[in-house]
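Below: the structure, in structure tokens.
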Amino acid sequence: MDMSQYRSLFLSEAREYLRAINETVVGLEERPEDRAGIDTLFRGAHSLKGMAASMEYGDVVEVAHRMEDLMLRVRDQGLVFDSGVADLLLEGSDLIERMLVDLEAGREPRTPAGDLPERLASYTPAPPAPRSAAEPVPTPSAQPSPATAVASAAAAPAAAPAAAPAAEPSPGPAPAEPERAKELEVTSVRVKTELLDHLANLTGELITNKNRLLSINRDLSSPQLGEAVGETAKLLRALHDEVMKVRLMPFEAIADRFQRSVRALAKKSGKELHFEIVGREIGLDRSILESLVDPINHMLRNAVDHGMEESSDRVAAGKPARGVVRLSVARDRDRVLVTVSDDGRGMVPERMIASAIRKGLISPEEAGQLSPRQALMLSCIPGFSTAREVTDVSGRGVGMDAVNASIQKLGGTLAIESEPGKGTSFTLTLPMTIAIIHALVVQCGPIKGAVPVTAVLRTFELRRHQMATVGNRPVFHLDDEALPLLSLNRALGLPLGRFPDGIVPLFVTEAKGRRVGIVVDRLLGQHELYIKPLGRPLSKLPGLGGGAVLGDGELITLLDIADLL
Amino acid sequence: MATTVMVVDDSLFMRKMLRDLLEGQGYQVVAEAADGNEAVARFRESSPELVTLDIVMPNKSGIEALAEIMALDPAARVVMCSAVGQESMTQAASEAGARAFILKPFNPEHVVQVLRDVCGG
């Protein structure tokens with residue numbers, strides 16, 4: 001029997017099982033007696049073993065087999081599901097995942113199983129001995145002590161959002177059973193992602209062409225052509241929406257790794273905390289989803305390492321000993337909000353300001369102009385904080401400039417809210433898709449540039465008297481904040497604009513953590529653009545996010561404002 | 001007339017493989033099920049002449065589903081799919097009325113032979 005035809009099915013289903021295993025392990029650490037969870041782990045390892053055996057992937061079989069045996073001991077022989085068991089299972093799951101990567105690439109697994117099968121087979125729980133410095137094998141993880149941190153996913157599986165755990169008389173449903181695959185089989189087909197990219201590409205080209213027809217008809221002024229193009233535009237919008245929907249993947253697809261990383265962080269820092277993920281079912285464009293992993297990990301690391309207090313400090317402050325870190329995803333029209341929040345120590349704006357002045361990042365004069373909100377955003381200025389200083393100064397800030405930069409690359413924005421003593425939340429606002437975007441088109445000298453509307457907070461036409469200067473820098477006031485005014489012409493190396501009628505067009509965006517006004521020669525309006533990546537060497541230039549063609553055939557560049565300034 | 005079969009396994013991969021194998025041998029796969037509950041429901045609906053039934057499944061195990069299927073139709077021809085190390089279960093399945101066993105990973109010739117024997121007998 002030719003098994004190669006089953007390889008991709010094997011890989012995708014094996015990964016579903018691994019994901020279910022990872023999630024269930026983390027859940028079981030909080031409720032080790034949950035029978036449904038124990039059964040799920042046993043079955044997951046068992047199924048993996050059977051499938052891998054059919055494919056004759058001996059290395060995978062061996063690891064899965066030992067995982068299954070370990071779970072059998074938990075299920076039938078009274079072995080307690082402690083963090084030592086959890087660690088081994090997660091290690092096994094990671095190892096199998098690496099093997100799958102090799103198998104997917106069509107090569108023999110290069111990752112040796114090493115002594116993991118042996119450790120899975122011979123696992124014995126560490127005796128609850130008193131902590132001793134002379135311990136031969138330092139495995140603090142194997143000792144359930146109050147200091148052992150537990151991270152868990154309390155969120156219900158996406159497939160059963162209505163299931164209220166409290167109303168469930170039996171142990172709750174096991175999270176994320178891979179059996180969903182069965183329903184998918186009947187009503188869906190598996191499609192290669194390249195094909196989806198291709199469809200999106202063709203749709204984008206069609207939209208560019210529609211814009212061209214519109215532009216031609218501006219000269220011809222034919223009512224019939226106008227009507228036909230209008231109808232085509234409607235159909236294209238519907239097609240675009242459908243194609244983009246197909247490219248959407250639920251947040252679930254990357255949620256699992258955050259559980260893993262928070263669990264590891266909590267363990268390492270010895271903090272007791274509860275981690276929950278909300279909104280796993282929310283869909284995002286796959287490319288955005290991939291680009292979100294690092295920024296979210298960064299924010300979670302900050303929340304656990306710096307935002308969260310030690311348990312003793314929390315109790316002293318009258319808070320529950322166990323802190324809560326939350327990752328939530330929500331949909332807001334055509335945008336997606338990703339929020340990382342904690343109930344930790346919060347950030348103190350005054351201290352942020354003092355620190356920024358000390359480091360020479362802002363002048364005391366500028367500092368006087370900052371609203372509390374702007375002060376929090378100082379954490380996103382490159383060089384604001386280093387790991388060593390962050391905890392005593394602000395509790396935040398490691399790499400937030402990197403997070404902010406990558407979110408802006410995606411056409412999104414970052415906002416921070418914090419209350420000292422109560423906690424902090426970071427909210428990313430992102431477009432659902434990136435290839436076809438709505439953009440504000442602006443003119444600077446001879447150049448037309450586009451800025452994603454998701455990155456534009458407002459547009460203005462400012463009279464000269466509405467401008468002021470703070471320390472010889474021009475600013476203007478918006479909602480009681482003094483926003484610096486920057487010239488896009490200057491950033492692009494073009495002669496500065498002249499505004500003979502005294503009206504200065506600008507748009508407000510966030511750059512390096514601050515709201516700023518960007519002055520341009522003209523605001524040309526909003527366009528639907530199909531953005532394509534630029535080839536080399538243009539793609540190496542800072543500030544260029546891609547290119548698009550306007551209806552009249554004119555080329556336009558997508559500007560990455562934060563990168564330009 | 002082709003013999004009608006229901007394939008029960010919680011793994012889509014396993015079901016697909018078995019279906020392909022059986023259809024290649026002229027069987028007609030009329031139903032699939034991914035857990036014990038579904039197996040009983042589908043059996044009721046489609047009354048297949050032959051059932052391949054996995055043992056380890058969520059919600060209701062193959063052994064429990066077997067008992068219910070045999071209660072619905074004492075003449076049902078059910079072949080259990082089991083893995084090495086499940087000997088205690090195979091004993092229970094035999095007592096509950098399973099006709100035969102096929103062992104995972106499947107050996108196509110062996111599977112074909114076992115099913116032929118069950119259908120012939």
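Chain lettering (A, B, ...) mirrors the order of the structure tokens, residue numbering begins at 1 for each chain separately, and ligand numbering begins at 1 in order of display.
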Which residues of chain B sit at most 9 Å from chain A, using only C-alpha atoms? Give each one's shortest atom pair and distance in Å (one decimal place), in chain and ascending residue order, as CSV.
```
residue,atom,partner,partner_atom,distance
B:Asp10,CA,A:Glu179,CA,6.2
B:Ser11,CA,A:Ser47,CA,6.9
B:Leu12,CA,A:Lys182,CA,6.2
B:Phe13,CA,A:Phe10,CA,5.9
B:Met14,CA,A:Met51,CA,6.8
B:Lys16,CA,A:Tyr6,CA,8.5
B:Met17,CA,A:Tyr6,CA,7.6
B:Leu21,CA,A:Met1,CA,8.5
B:Glu32,CA,A:Lys182,CA,8.8
B:Ala33,CA,A:Lys182,CA,8.0
B:Ala34,CA,A:Glu179,CA,6.5
B:Asp35,CA,A:Glu179,CA,8.2
B:Val56,CA,A:Arg43,CA,6.5
B:Met57,CA,A:Arg43,CA,6.9
B:Pro58,CA,A:Thr40,CA,7.5
B:Ala83,CA,A:Gly50,CA,7.5
B:Lys104,CA,A:Gly50,CA,6.3
B:Pro105,CA,A:Ser54,CA,4.8
B:Phe106,CA,A:Ser54,CA,6.7
B:Asn107,CA,A:Ser54,CA,8.8
B:Pro108,CA,A:Met1,CA,7.4
```
Can you pull out every residue within 12 Å of B:Ser61, counting only C-alpha atoms, but drop anything in the same chain fewer than 2 positions away, and send it as a ChimeraX atom specification? /A:39,43 /B:8-10,34-40,53-59,63-68,80-82,89,93
Output C-alpha atoms for every residue in the selection just made, as a PDB file, in the first residue's frame.
```pdb
ATOM      1  CA  ASP A  39      -8.524  10.100  29.065  1.00  0.00           C
ATOM      2  CA  ARG A  43      -6.200   8.616  23.694  1.00  0.00           C
TER       3      ARG A  43
ATOM      4  CA  VAL B   8     -15.434   3.568  13.082  1.00  0.00           C
ATOM      5  CA  ASP B   9     -12.258   5.260  14.319  1.00  0.00           C
ATOM      6  CA  ASP B  10     -11.612   8.553  16.068  1.00  0.00           C
ATOM      7  CA  ALA B  34     -15.615   8.968  15.040  1.00  0.00           C
ATOM      8  CA  ASP B  35     -16.768   7.843  18.477  1.00  0.00           C
ATOM      9  CA  GLY B  36     -18.886   5.204  20.156  1.00  0.00           C
ATOM     10  CA  ASN B  37     -22.064   7.277  20.338  1.00  0.00           C
ATOM     11  CA  GLU B  38     -21.893   8.093  16.698  1.00  0.00           C
ATOM     12  CA  ALA B  39     -21.160   4.486  15.809  1.00  0.00           C
ATOM     13  CA  VAL B  40     -24.374   3.307  17.447  1.00  0.00           C
ATOM     14  CA  LEU B  53     -14.781  -0.758  15.270  1.00  0.00           C
ATOM     15  CA  ASP B  54     -11.857   0.944  16.968  1.00  0.00           C
ATOM     16  CA  ILE B  55     -11.554   0.346  20.713  1.00  0.00           C
ATOM     17  CA  VAL B  56      -9.998   3.522  22.135  1.00  0.00           C
ATOM     18  CA  MET B  57     -12.325   6.397  21.320  1.00  0.00           C
ATOM     19  CA  PRO B  58     -13.766   9.436  23.082  1.00  0.00           C
ATOM     20  CA  ASN B  59     -17.279   9.672  24.551  1.00  0.00           C
ATOM     21  CA  ILE B  63     -16.289  -2.004  23.746  1.00  0.00           C
ATOM     22  CA  GLU B  64     -19.337  -0.105  25.014  1.00  0.00           C
ATOM     23  CA  ALA B  65     -20.486   0.657  21.481  1.00  0.00           C
ATOM     24  CA  LEU B  66     -20.086  -3.011  20.571  1.00  0.00           C
ATOM     25  CA  ALA B  67     -22.458  -4.043  23.347  1.00  0.00           C
ATOM     26  CA  GLU B  68     -25.077  -1.580  22.147  1.00  0.00           C
ATOM     27  CA  MET B  80     -12.594  -4.840  16.322  1.00  0.00           C
ATOM     28  CA  CYS B  81      -9.491  -2.785  15.549  1.00  0.00           C
ATOM     29  CA  SER B  82      -6.992  -3.025  18.345  1.00  0.00           C
ATOM     30  CA  MET B  89      -9.870  -5.671  25.878  1.00  0.00           C
ATOM     31  CA  ALA B  93     -14.826  -7.771  23.012  1.00  0.00           C
TER      32      ALA B  93
END
```
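Using only C-alpha atoms, the protein and nucleic acid residues lying no more than 8 Å from stretch 419-423 of chain A, apart from those fewer than 3 places from it along its own chain, are A:Gly307, A:Ser341, A:Asp342, A:Asp343, A:Gly344, A:Arg345, A:Gly346, A:Met347, A:Val348.
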Export of prior selection with N, CA, C and O atoms as a compact mmCIF listing (two decimals), in the first residue's frame:
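Listing of part01.txt after writing:
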```
# COMPACT_ATOMS: atom_id res chain seq x y z
N GLY A 307 5.27 42.81 35.14
CA GLY A 307 3.98 43.33 35.58
C GLY A 307 3.50 42.67 36.85
O GLY A 307 2.96 43.30 37.74
N SER A 341 -3.42 41.54 29.25
CA SER A 341 -3.60 42.33 30.46
C SER A 341 -3.20 41.52 31.69
O SER A 341 -3.17 40.29 31.66
N ASP A 342 -2.88 42.22 32.74
CA ASP A 342 -2.54 41.56 33.99
C ASP A 342 -3.13 42.36 35.14
O ASP A 342 -3.53 43.51 34.96
N ASP A 343 -3.22 41.73 36.31
CA ASP A 343 -3.71 42.45 37.47
C ASP A 343 -2.54 42.71 38.42
O ASP A 343 -2.64 42.61 39.62
N GLY A 344 -1.40 43.04 37.82
CA GLY A 344 -0.16 43.21 38.58
C GLY A 344 0.02 44.62 39.11
O GLY A 344 -0.94 45.32 39.41
N ARG A 345 1.29 45.04 39.17
CA ARG A 345 1.58 46.28 39.90
C ARG A 345 1.26 47.56 39.12
O ARG A 345 1.15 48.62 39.71
N GLY A 346 1.07 47.44 37.82
CA GLY A 346 0.72 48.63 37.05
C GLY A 346 1.92 49.53 36.81
O GLY A 346 3.02 49.29 37.32
N MET A 347 1.73 50.55 36.02
CA MET A 347 2.81 51.47 35.69
C MET A 347 2.48 52.85 36.25
O MET A 347 1.34 53.28 36.25
N VAL A 348 3.52 53.55 36.69
CA VAL A 348 3.31 54.88 37.26
C VAL A 348 3.84 55.92 36.28
O VAL A 348 5.05 56.00 36.05
```
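Secondary structure of chain B, strand (DSSP E) only (DSSP, backbone atoms): B:Thr4, B:Val5, B:Met6, B:Val7, B:Val8, B:Gln28, B:Val29, B:Val30, B:Ala31, B:Glu32, B:Ala33, B:Leu50, B:Val51, B:Thr52, B:Leu53, B:Asp54, B:Val78, B:Val79, B:Met80, B:Cys81, B:Ser82, B:Ala83, B:Ala100, B:Phe101, B:Ile102, B:Leu103, B:Lys104.
What separates atom CA of A:Arg301 from atom CA of A:Asp313 is a distance of 19.3 Å.
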Please identify all polymer residues within 7 Å of A:Pro484, counting only C-alpha atoms, omitting same-chain residues fewer than 4 positions from it, and present them as a PyMOL selection string. chain A and resi 474-476+516-517
Saved selection, atoms kept: all heavy atoms, as a short mmCIF file (atom, residue, chain, number, x, y, z; two decimals), in the first residue's frame:
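Okay, this is what ended up in part-v5.cif:
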```
data_model
loop_
_atom_site.label_atom_id
_atom_site.label_comp_id
_atom_site.auth_asym_id
_atom_site.auth_seq_id
_atom_site.Cartn_x
_atom_site.Cartn_y
_atom_site.Cartn_z
N PRO A 474 7.55 72.61 16.62
CA PRO A 474 6.13 72.91 16.41
C PRO A 474 5.23 71.81 17.00
O PRO A 474 5.55 70.63 16.88
CB PRO A 474 6.00 72.97 14.89
CG PRO A 474 7.15 72.20 14.36
CD PRO A 474 8.25 72.26 15.38
N VAL A 475 4.15 72.21 17.61
CA VAL A 475 3.17 71.25 18.14
C VAL A 475 1.77 71.78 17.85
O VAL A 475 1.60 72.93 17.44
CB VAL A 475 3.31 71.07 19.67
CG1 VAL A 475 4.67 70.54 20.06
CG2 VAL A 475 3.01 72.37 20.40
N PHE A 476 0.78 70.92 18.02
CA PHE A 476 -0.60 71.42 18.04
C PHE A 476 -1.35 70.62 19.09
O PHE A 476 -0.92 69.54 19.50
CB PHE A 476 -1.25 71.34 16.66
CG PHE A 476 -1.76 69.99 16.30
CD1 PHE A 476 -3.14 69.74 16.27
CD2 PHE A 476 -0.90 68.96 15.96
CE1 PHE A 476 -3.62 68.49 15.92
CE2 PHE A 476 -1.38 67.72 15.62
CZ PHE A 476 -2.74 67.48 15.59
N VAL A 516 1.52 61.67 16.95
CA VAL A 516 2.18 62.80 16.29
C VAL A 516 1.34 63.25 15.11
O VAL A 516 0.56 62.48 14.55
CB VAL A 516 3.60 62.41 15.77
CG1 VAL A 516 4.56 62.15 16.92
CG2 VAL A 516 3.54 61.20 14.85
N GLY A 517 1.50 64.51 14.75
CA GLY A 517 0.86 65.03 13.55
C GLY A 517 1.86 64.98 12.40
O GLY A 517 2.99 65.45 12.53
#
```
For each of A:Gly368, A:Gly497, A:Pro250, A:Gly399, take the minimum atom-to-atom distance to A:Asp294, counting only C-alpha atoms, then give the residue where this is smallest. A:Gly399
Pick from A:Ala64, A:Val549, A:Val441, A:Ala468: nearest to A:Val456, with only C-alpha atoms counted? A:Val441
Please, which residues of chain B, numbered as in this document, come out helix (DSSP H, G or I) from DSSP, as a PyMOL selection string? chain B and resi 12-24+36-46+62-72+87-96+108-120
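Of the residues under consideration (A:Leu248, A:Ala238, A:Val325, A:Leu370), A:Val325 shows the shortest atom-to-atom contact distance to A:Thr339 when counting only C-alpha atoms.
Interatomic distance, atom CA of A:Val246 to atom CA of A:Pro431: 15.5 Å.
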List the spatial neighbours of A:Pro109 as a PDB file with C-alpha atoms, in the first residue's frame - criterion: any atom at most 12 Å away, only C-alpha atoms, same-chain residues fewer than 3 positions off excluded.
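around.pdb written:
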```pdb
ATOM      1  CA  TYR A  57       7.473   6.384  11.398  1.00  0.00           C
ATOM      2  CA  GLY A  58       9.232   4.341  14.050  1.00  0.00           C
ATOM      3  CA  ASP A  59      10.723   7.262  15.987  1.00  0.00           C
ATOM      4  CA  VAL A  60       7.356   8.907  16.439  1.00  0.00           C
ATOM      5  CA  LEU A  95       9.992  16.202  20.182  1.00  0.00           C
ATOM      6  CA  ILE A  96       7.265  14.689  18.001  1.00  0.00           C
ATOM      7  CA  GLU A  97       6.527  18.098  16.534  1.00  0.00           C
ATOM      8  CA  ARG A  98      10.181  18.437  15.529  1.00  0.00           C
ATOM      9  CA  MET A  99      10.043  14.987  13.994  1.00  0.00           C
ATOM     10  CA  LEU A 100       6.948  15.994  12.035  1.00  0.00           C
ATOM     11  CA  VAL A 101       8.786  19.002  10.663  1.00  0.00           C
ATOM     12  CA  ASP A 102      11.475  16.679   9.345  1.00  0.00           C
ATOM     13  CA  LEU A 103       8.944  14.247   7.920  1.00  0.00           C
ATOM     14  CA  GLU A 104       7.098  17.081   6.273  1.00  0.00           C
ATOM     15  CA  ALA A 105      10.309  18.143   4.575  1.00  0.00           C
ATOM     16  CA  GLY A 106      10.604  14.600   3.280  1.00  0.00           C
ATOM     17  CA  PRO A 112      17.083  11.880  18.134  1.00  0.00           C
ATOM     18  CA  ALA A 113      14.669  10.787  20.792  1.00  0.00           C
TER      19      ALA A 113
END
```
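When only C-alpha atoms are used to measure the gap to B:Glu95, the shortest distance among B:Val118, B:Val5, B:Met70, B:Leu22 belongs to B:Met70.
When atom CA of A:Ser269 is paired with atom CA of A:Ile38, their separation reads 27.5 Å.
Compared by their closest atoms to B:Ser47, and using only C-alpha atoms, the residues B:Gln25, B:Ala76, B:Gly62, B:Ala71 rank with B:Ala76 nearest.
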Can you pull out every residue within 8 Å of stretch 239-241 of chain A, counting only C-alpha atoms, but drop anything in the same chain fewer than 2 positions away, and send it as a list in words? Ala200, Thr203, Gly204, Leu235, Leu236, Arg237, Val243, Met244 and Lys245 of chain A
I'd like the contact shell of A:Leu462 - 8 Å cut-off, only C-alpha atoms, skipping same-chain residues fewer than 3 positions apart - returned as a list in words. Gln466, Met467, Ile503, Val504, Pro505 and Leu506 of chain A
Restricting the output to C-alpha atoms, write the selected residues as a PDB file, in the first residue's frame.
```
ATOM      1  CA  GLN A 466      -3.619  76.579  15.834  1.00  0.00           C
ATOM      2  CA  MET A 467       0.055  75.711  15.928  1.00  0.00           C
ATOM      3  CA  ILE A 503      -3.895  75.760   5.770  1.00  0.00           C
ATOM      4  CA  VAL A 504      -1.644  72.899   6.783  1.00  0.00           C
ATOM      5  CA  PRO A 505      -2.956  69.395   5.980  1.00  0.00           C
ATOM      6  CA  LEU A 506      -1.892  66.646   8.330  1.00  0.00           C
TER       7      LEU A 506
END
```
